[in-house]
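The next block is work36.csv, given as CSV, C-alpha atoms.
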```csv
chain,number,residue,atom,x,y,z
A,281,MET,CA,18.5,25.0,-10.9
A,282,GLN,CA,15.5,26.2,-12.9
A,283,ASP,CA,16.3,23.5,-15.5
A,284,GLU,CA,16.5,20.9,-12.7
A,285,LYS,CA,13.0,21.9,-11.5
A,286,ILE,CA,11.6,21.4,-15.0
A,287,PHE,CA,13.5,18.1,-15.2
A,288,ILE,CA,12.0,16.9,-11.9
A,289,THR,CA,8.5,17.8,-13.0
A,290,GLU,CA,9.1,15.9,-16.2
A,291,LEU,CA,10.2,12.9,-14.2
A,292,LEU,CA,7.0,13.0,-12.1
A,293,ASN,CA,4.6,13.6,-14.9
A,294,PRO,CA,3.2,10.3,-16.2
A,295,ASN,CA,3.2,11.6,-19.8
A,296,THR,CA,6.9,12.6,-19.8
A,297,GLN,CA,8.2,10.2,-17.1
A,298,ASN,CA,9.7,7.5,-19.4
A,299,GLU,CA,11.6,9.9,-21.6
A,300,ALA,CA,12.8,11.9,-18.6
A,301,PHE,CA,14.0,8.8,-16.9
A,302,LYS,CA,15.9,7.7,-20.0
A,303,LYS,CA,17.6,11.0,-20.0
A,304,LEU,CA,18.5,10.6,-16.3
A,305,LEU,CA,20.0,7.1,-17.0
A,306,HIS,CA,22.0,8.6,-19.9
A,307,LEU,CA,23.4,11.3,-17.6
A,308,TYR,CA,24.2,9.3,-14.6
A,309,GLN,CA,24.8,5.6,-15.4
A,310,LYS,CA,28.5,6.0,-16.3
A,311,PRO,CA,29.6,8.3,-13.5
A,312,LEU,CA,27.5,6.3,-11.0
A,313,TYR,CA,28.9,3.0,-12.2
A,314,ASN,CA,32.4,4.3,-11.6
A,315,HIS,CA,31.4,5.5,-8.2
A,316,VAL,CA,29.8,2.2,-7.1
A,317,ARG,CA,32.5,0.1,-8.7
A,318,GLY,CA,35.1,2.1,-6.8
A,319,ILE,CA,33.4,1.0,-3.6
A,320,VAL,CA,32.4,-2.6,-4.3
A,321,LEU,CA,35.2,-3.3,-6.8
A,322,ASP,CA,33.6,-6.3,-8.6
A,323,HIS,CA,31.8,-5.6,-11.9
A,324,GLU,CA,28.8,-7.9,-11.2
A,325,ASP,CA,28.4,-6.5,-7.8
A,326,ALA,CA,28.6,-3.0,-9.2
A,327,ASN,CA,25.9,-3.9,-11.7
A,328,ASP,CA,23.6,-5.2,-9.0
A,329,VAL,CA,24.1,-2.1,-6.8
A,330,LEU,CA,23.6,0.2,-9.8
A,331,GLN,CA,20.3,-1.4,-10.6
A,332,ASN,CA,19.1,-1.1,-7.0
A,333,THR,CA,20.2,2.6,-7.0
A,334,PHE,CA,18.2,3.5,-10.1
A,335,ILE,CA,15.2,1.5,-8.9
A,336,LYS,CA,15.4,3.4,-5.6
A,337,VAL,CA,15.8,6.7,-7.4
A,338,HIS,CA,12.8,6.0,-9.5
A,339,SER,CA,10.5,4.9,-6.6
A,340,HIS,CA,11.6,7.8,-4.3
A,341,LEU,CA,11.4,10.6,-6.8
A,342,LYS,CA,8.1,11.6,-5.4
A,343,THR,CA,9.7,12.2,-2.0
A,344,PHE,CA,12.6,14.2,-3.4
A,345,LYS,CA,12.1,17.6,-1.8
A,346,GLY,CA,14.6,19.6,-3.9
A,347,ASP,CA,16.5,20.7,-0.7
A,348,SER,CA,19.6,19.4,-2.4
A,349,LYS,CA,20.5,19.0,-6.0
A,350,LEU,CA,19.2,16.0,-7.8
A,351,PHE,CA,22.9,15.1,-8.6
A,352,SER,CA,24.0,14.9,-5.0
A,353,TRP,CA,20.7,13.1,-4.0
A,354,ILE,CA,21.4,10.4,-6.5
A,355,TYR,CA,25.0,10.1,-5.6
A,356,ARG,CA,24.0,9.8,-1.9
A,357,ILE,CA,21.6,6.9,-2.7
A,358,ALA,CA,24.3,5.2,-4.8
A,359,THR,CA,26.8,5.6,-1.9
A,360,ASN,CA,24.4,4.2,0.7
A,361,GLU,CA,23.4,1.3,-1.6
A,362,SER,CA,27.1,0.4,-2.1
A,363,ILE,CA,27.8,0.4,1.7
A,364,THR,CA,24.6,-1.5,2.5
A,365,PHE,CA,25.6,-4.1,-0.1
A,366,ILE,CA,28.9,-4.7,1.6
A,367,GLN,CA,27.3,-4.8,5.0
A,368,GLN,CA,24.7,-7.3,3.9
A,369,ARG,CA,27.3,-9.5,2.3
A,370,ALA,CA,29.4,-9.4,5.5
A,371,LYS,CA,26.3,-10.4,7.6
A,372,LYS,CA,25.4,-13.2,5.2
A,373,GLN,CA,28.9,-14.7,5.3
A,374,GLY,CA,29.4,-13.9,9.0
A,375,ILE,CA,32.6,-11.8,8.4
A,376,SER,CA,33.5,-8.2,8.9
A,377,ASN,CA,33.0,-5.4,6.3
A,378,GLU,CA,36.8,-5.2,6.0
A,379,GLU,CA,37.0,-8.9,5.2
A,380,VAL,CA,34.4,-8.5,2.4
A,381,LYS,CA,36.4,-5.6,0.9
A,382,GLU,CA,39.7,-7.6,1.2
A,383,LYS,CA,38.1,-10.5,-0.7
A,384,ALA,CA,36.9,-8.2,-3.4
A,385,LEU,CA,40.4,-6.8,-3.6
A,386,ASN,CA,42.0,-10.2,-4.0
A,387,LYS,CA,39.6,-11.1,-6.7
A,388,LEU,CA,40.4,-7.9,-8.6
A,389,GLU,CA,43.7,-9.3,-10.0
A,390,SER,CA,41.9,-12.1,-11.9
A,391,ASP,CA,38.9,-9.9,-12.8
A,392,VAL,CA,38.4,-9.8,-16.6
A,393,TYR,CA,36.9,-6.4,-16.2
A,394,PHE,CA,39.9,-4.9,-14.5
A,395,ASP,CA,42.4,-3.6,-16.9
A,396,GLY,CA,45.0,-2.7,-14.4
A,397,ASP,CA,48.7,-3.3,-14.3
A,398,GLU,CA,50.9,-3.3,-11.2
A,399,ILE,CA,50.5,0.3,-10.2
A,400,GLN,CA,46.7,0.3,-10.4
A,401,LEU,CA,46.5,-2.8,-8.2
A,402,LYS,CA,49.0,-1.3,-5.8
A,403,LEU,CA,46.9,1.9,-5.6
A,404,GLN,CA,43.8,-0.2,-4.8
A,405,LYS,CA,45.7,-2.0,-2.1
A,406,ALA,CA,47.0,1.3,-0.6
A,407,LEU,CA,43.4,2.6,-0.7
A,408,ALA,CA,42.1,-0.4,1.2
A,409,LEU,CA,44.3,0.5,4.2
A,410,LEU,CA,42.6,3.9,4.6
A,411,PRO,CA,39.6,4.7,6.8
A,412,GLU,CA,36.3,4.4,4.9
A,413,LYS,CA,35.7,8.2,4.7
A,414,GLN,CA,39.2,8.9,3.4
A,415,GLN,CA,38.8,6.2,0.8
A,416,LEU,CA,35.5,7.7,-0.4
A,417,VAL,CA,37.0,11.2,-0.6
A,418,PHE,CA,40.0,10.1,-2.5
A,419,LYS,CA,38.1,8.0,-5.0
A,420,MET,CA,35.6,10.8,-5.7
A,421,LYS,CA,38.3,13.4,-6.1
A,422,TYR,CA,41.0,11.5,-7.8
A,423,PHE,CA,39.2,8.9,-10.0
A,424,GLU,CA,35.8,10.5,-10.4
A,425,GLU,CA,37.2,14.0,-10.6
A,426,LEU,CA,34.3,15.5,-8.7
A,427,LYS,CA,34.7,19.1,-7.2
A,428,TYR,CA,35.1,19.5,-3.5
A,429,GLU,CA,31.8,21.4,-3.5
A,430,GLU,CA,30.0,18.5,-5.1
A,431,ILE,CA,31.6,15.9,-2.7
A,432,SER,CA,30.7,18.2,0.2
A,433,GLU,CA,27.0,18.1,-0.9
A,434,ILE,CA,27.0,14.3,-1.3
A,435,LEU,CA,28.8,13.4,1.9
A,436,GLY,CA,27.5,16.3,4.0
A,437,THR,CA,31.0,17.2,5.1
A,438,SER,CA,32.5,20.7,4.9
A,439,VAL,CA,34.9,21.5,2.0
A,440,GLY,CA,37.7,22.3,4.5
A,441,ALA,CA,37.4,18.9,6.1
A,442,LEU,CA,37.3,17.2,2.7
A,443,LYS,CA,40.5,18.9,1.6
A,444,ALA,CA,42.2,17.8,4.8
A,445,SER,CA,40.9,14.2,4.3
A,446,TYR,CA,42.1,14.2,0.7
A,447,HIS,CA,45.6,15.4,1.5
A,448,ILE,CA,46.0,12.9,4.3
A,449,ALA,CA,44.9,10.2,2.0
A,450,VAL,CA,47.3,11.3,-0.8
A,451,LYS,CA,50.1,11.4,1.7
A,452,LYS,CA,49.4,7.9,3.0
A,453,ILE,CA,49.0,6.4,-0.5
A,454,GLU,CA,52.3,8.0,-1.7
A,455,ASP,CA,54.1,6.6,1.4
A,456,PHE,CA,52.6,3.2,0.7
A,457,LEU,CA,53.6,3.3,-3.0
A,458,LYS,CA,57.2,4.4,-2.2
A,459,THR,CA,57.8,1.6,0.3
A,460,ASN,CA,56.0,-1.2,-1.4
B,178,MET,CA,58.2,5.2,-13.2
B,179,ASN,CA,60.3,6.5,-10.3
B,180,MET,CA,58.6,5.4,-7.1
B,181,LYS,CA,61.1,7.2,-4.9
B,182,ASN,CA,59.7,10.6,-5.8
B,183,PHE,CA,56.2,9.5,-6.2
B,184,ASP,CA,53.7,12.4,-6.3
B,185,LEU,CA,50.1,11.5,-7.1
B,186,ASP,CA,48.9,15.0,-8.0
B,187,ASN,CA,51.8,15.8,-10.3
B,188,ASN,CA,52.7,12.4,-11.8
B,189,TYR,CA,50.7,11.1,-14.7
B,190,LYS,CA,47.2,10.1,-13.7
B,191,ILE,CA,46.6,6.5,-12.6
B,192,THR,CA,43.3,5.3,-13.9
B,193,SER,CA,41.1,3.1,-11.7
B,194,GLY,CA,41.5,0.3,-14.2
B,195,PHE,CA,37.8,-0.6,-14.1
B,196,ILE,CA,36.3,-1.6,-17.4
B,197,THR,CA,32.9,-2.8,-18.4
B,198,PRO,CA,31.7,-5.5,-20.9
B,199,GLU,CA,31.0,-4.3,-24.4
B,200,ASN,CA,27.8,-2.5,-24.8
B,201,TYR,CA,27.2,-2.7,-21.1
B,202,PHE,CA,25.6,0.7,-20.7
B,203,GLU,CA,23.3,0.3,-23.7
B,204,GLN,CA,22.0,-3.0,-22.3
B,205,PHE,CA,21.9,-1.6,-18.8
B,206,GLU,CA,19.7,1.3,-20.0
B,207,ALA,CA,17.3,-1.0,-21.8
B,208,LYS,CA,17.1,-3.4,-18.8
B,209,MET,CA,16.4,-0.6,-16.4
B,210,MET,CA,13.6,0.9,-18.6
B,211,GLN,CA,12.0,-2.5,-18.7
B,212,GLN,CA,12.3,-3.1,-15.0
B,213,ILE,CA,10.8,0.3,-14.2
B,214,SER,CA,7.8,-0.3,-16.4
B,215,THR,CA,7.1,-3.6,-14.6
B,216,GLN,CA,7.8,-1.9,-11.2
B,217,LYS,CA,5.2,0.7,-12.0
B,218,THR,CA,2.4,-1.9,-12.3
B,219,ALA,CA,3.7,-3.8,-9.3
B,220,VAL,CA,3.7,-0.7,-7.1
B,221,LYS,CA,0.0,-0.2,-7.7
B,222,GLU,CA,-0.8,-3.6,-6.2
B,223,VAL,CA,1.5,-3.4,-3.2
B,224,LYS,CA,-0.4,-2.6,0.0
B,225,VAL,CA,1.3,0.1,1.9
B,226,VAL,CA,1.4,-0.3,5.7
B,227,SER,CA,1.8,3.1,7.0
B,228,LEU,CA,4.2,4.1,9.8
B,229,PHE,CA,1.2,5.4,11.7
B,230,TYR,CA,-0.4,2.0,11.7
B,231,ARG,CA,2.7,0.4,13.1
B,232,LYS,CA,2.9,3.2,15.7
B,233,GLN,CA,-0.7,2.3,16.7
B,234,VAL,CA,0.3,-1.3,17.3
B,235,TRP,CA,3.1,-0.2,19.5
B,236,ILE,CA,0.9,2.2,21.4
B,237,SER,CA,-1.7,-0.6,22.0
B,238,SER,CA,0.9,-3.1,23.1
B,239,ILE,CA,2.4,-0.6,25.5
B,240,ALA,CA,-1.0,0.2,26.9
B,241,ALA,CA,-1.8,-3.5,27.3
B,242,LEU,CA,1.5,-3.9,29.2
B,243,ILE,CA,0.8,-1.0,31.5
B,244,LEU,CA,-2.7,-2.4,32.2
B,245,LEU,CA,-1.3,-5.8,33.1
B,246,ALA,CA,1.4,-4.2,35.3
B,247,ILE,CA,-1.4,-2.5,37.2
B,248,ALA,CA,-3.9,-5.3,37.2
B,249,ILE,CA,-1.6,-8.2,38.3
B,250,PRO,CA,-0.5,-6.7,41.6
B,251,VAL,CA,-4.1,-5.5,42.3
B,252,TYR,CA,-5.5,-8.9,41.6
B,253,PHE,CA,-3.0,-10.7,43.9
B,254,ASN,CA,-3.5,-8.1,46.7
B,255,MET,CA,-7.2,-8.7,46.5
B,256,ALA,CA,-6.7,-12.5,46.6
B,257,LYS,CA,-4.6,-12.0,49.7
B,258,GLU,CA,-7.3,-10.0,51.4
B,259,ASN,CA,-9.8,-12.7,50.7
B,260,ASN,CA,-7.6,-15.3,52.3
B,261,ILE,CA,-7.3,-13.2,55.4
B,262,GLU,CA,-11.1,-12.9,55.6
B,263,SER,CA,-11.8,-16.6,55.3
B,264,HIS,CA,-9.1,-17.3,57.8
B,265,SER,CA,-10.6,-14.9,60.4
B,266,ILE,CA,-14.1,-16.4,59.8
B,267,GLU,CA,-12.6,-19.8,60.6
B,268,ASN,CA,-11.1,-18.5,63.7
B,269,TYR,CA,-14.3,-16.8,64.8
B,270,LEU,CA,-16.3,-20.0,64.3
B,271,ALA,CA,-13.7,-22.0,66.2
B,272,ASP,CA,-13.9,-19.5,69.1
B,273,GLN,CA,-17.7,-19.7,69.1
B,274,GLN,CA,-18.0,-23.4,69.8
B,275,HIS,CA,-19.2,-22.9,73.3
B,276,VAL,CA,-22.7,-21.8,72.1
B,277,ASN,CA,-25.1,-23.7,74.4
B,278,GLU,CA,-28.6,-24.9,74.0
B,279,ASN,CA,-30.2,-22.0,75.9
B,280,GLU,CA,-28.6,-19.6,73.5
B,281,ILE,CA,-30.0,-21.5,70.5
B,282,ILE,CA,-33.4,-21.7,72.0
B,283,GLU,CA,-33.4,-17.9,72.7
B,284,HIS,CA,-32.8,-17.3,69.0
B,285,LEU,CA,-35.6,-19.7,67.8
B,286,SER,CA,-38.7,-18.0,66.5
B,287,GLU,CA,-42.3,-19.4,66.9
B,288,GLU,CA,-42.1,-20.6,63.3
B,289,ASP,CA,-38.9,-22.4,63.9
B,290,ILE,CA,-40.3,-24.2,66.9
B,291,ASN,CA,-43.4,-25.3,64.9
B,292,ALA,CA,-41.3,-26.6,62.1
B,293,LEU,CA,-39.2,-28.5,64.6
B,294,GLU,CA,-42.3,-30.0,66.3
B,295,ASN,CA,-43.8,-31.1,62.9
B,296,SER,CA,-40.7,-32.9,61.8
B,297,LEU,CA,-40.2,-34.5,65.2
B,298,SER,CA,-43.8,-35.6,66.0
B,299,ALA,CA,-44.4,-39.1,64.7
B,300,SER,CA,-47.5,-39.3,62.7
B,301,THR,CA,-50.1,-42.1,63.0
B,302,ASN,CA,-49.2,-43.3,59.5
B,303,GLU,CA,-45.7,-43.8,60.7
B,304,ASN,CA,-46.8,-45.8,63.7
B,305,ASP,CA,-48.7,-48.2,61.4
B,306,ALA,CA,-45.6,-48.5,59.3
B,307,ILE,CA,-43.5,-49.5,62.3
B,308,GLU,CA,-46.1,-52.0,63.4
B,309,ASN,CA,-46.2,-53.6,59.9
B,310,TYR,CA,-42.5,-53.8,59.8
B,311,LEU,CA,-42.3,-55.4,63.2
B,312,SER,CA,-45.0,-57.9,62.5
B,313,GLU,CA,-43.4,-59.0,59.2
B,314,SER,CA,-39.9,-59.2,60.7
B,315,GLU,CA,-38.6,-62.8,61.1
B,316,HIS,CA,-36.8,-61.8,64.3
B,317,LEU,CA,-39.9,-60.6,66.0
B,318,ASP,CA,-39.7,-63.3,68.7
B,319,TYR,CA,-36.2,-62.4,69.5
B,320,ILE,CA,-37.0,-58.7,69.7
B,321,LEU,CA,-40.1,-59.4,72.0
B,322,ASN,CA,-38.0,-61.6,74.3
B,323,GLU,CA,-35.4,-58.8,74.7
```

Spell out the structure here as structure tokens.
Amino acid sequence: MQDEKIFITELLNPNTQNEAFKKLLHLYQKPLYNHVRGIVLDHEDANDVLQNTFIKVHSHLKTFKGDSKLFSWIYRIATNESITFIQQRAKKQGISNEEVKEKALNKLESDVYFDGDEIQLKLQKALALLPEKQQLVFKMKYFEELKYEEISEILGTSVGALKASYHIAVKKIEDFLKTN
Amino acid sequence: MNMKNFDLDNNYKITSGFITPENYFEQFEAKMMQQISTQKTAVKEVKVVSLFYRKQVWISSIAALILLAIAIPVYFNMAKENNIESHSIENYLADQQHVNENEIIEHLSEEDINALENSLSASTNENDAIENYLSESEHLDYILNE
């Protein structure tokens, strides 16, 4: 926590800002990419959302109060940016958020940046059937291997509720994989 | 893989299958650093419209609406009152048509009477003018014969 305070002052100090931001990019770009890609599915879309996320992080650092950890704050921005991206696309095309996700899922099979065989594609299809919150919890726990405590800080949900959500999601996915 | 006894937590881990182009993160980092340095200069030029200013606009428009809401009914009520007034004046005047000469005379002052006399009395100049007119008139004979 002490280290984080120092890091934040470095990020705000005009003399150390650039170096500190480079460090932040190093630390977060890969896990955040996976987090965003898990929601928007397409690589190019994930690239756009990731850029917006870092620009937002950079321009809002001054207002970061330190009530939460920098880590969960950045993840929260990335999650919101991803969801906003889907909503904006839905609005633009005059379709629902679910239809946008369905389109992305159908595109995945032919995506050159998707190295999945049948089981991976099936898992994505099973995931798409879950409510949004359960999808998020499952992806963060299973693919991104975040701790419940970390997910709790990002999503603002209690650890107990997250565990319940995860187990329901796992059960539904297993059922889907067994029958399909 | 046996799907019948599928157990996500105990089977081998299924990866997300998401991959990135080669050197994607190196390029991403460079691109981000560049974007942020241009953003920094752009931010300085952007004029910030504060929330307070917007609030002020809202407050003034609400105030204007309230003012209109009060002023419009008041205005129309006043207009109505004026109508009634002119209407009753008309009625009053219509009722007072039986004013007779004596009443008018009673209300005339000395000055009024003098003014009336002056305007009514034919001056000598005017008499000459009438005579001239009559003598020049072609129909004088006809008039005299009448």

Quiz item: At a cut-off of 7 Å from (45.8, 4.0, -13.1) in the coordinates of the file, what residues are picked up using only C-alpha atoms, written as a PyMOL selection string?
Solution: (chain A and resi 396+399-400) or (chain B and resi 190-194)

* Asked: What residues in chain A have any atom no more than 9 Å from chain B when counting only C-alpha atoms, and can you write them as a ChimeraX atom specification?
  -> /A:298,301-302,305-306,309-310,314,317-318,321-323,327,331,334-335,338-339,392-397,399-401,403-404,419,422-423,450-451,453-455,457-459

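For the residues A:Glu324, A:Ala441, A:Ile286, A:Tyr308, ranking by smallest atom-to-atom distance to Asp391 in chain A using only C-alpha atoms places A:Glu324 first.
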
note - CA of Ile354 in chain A and CA of Leu304 in chain A are separated by 10.2 Å
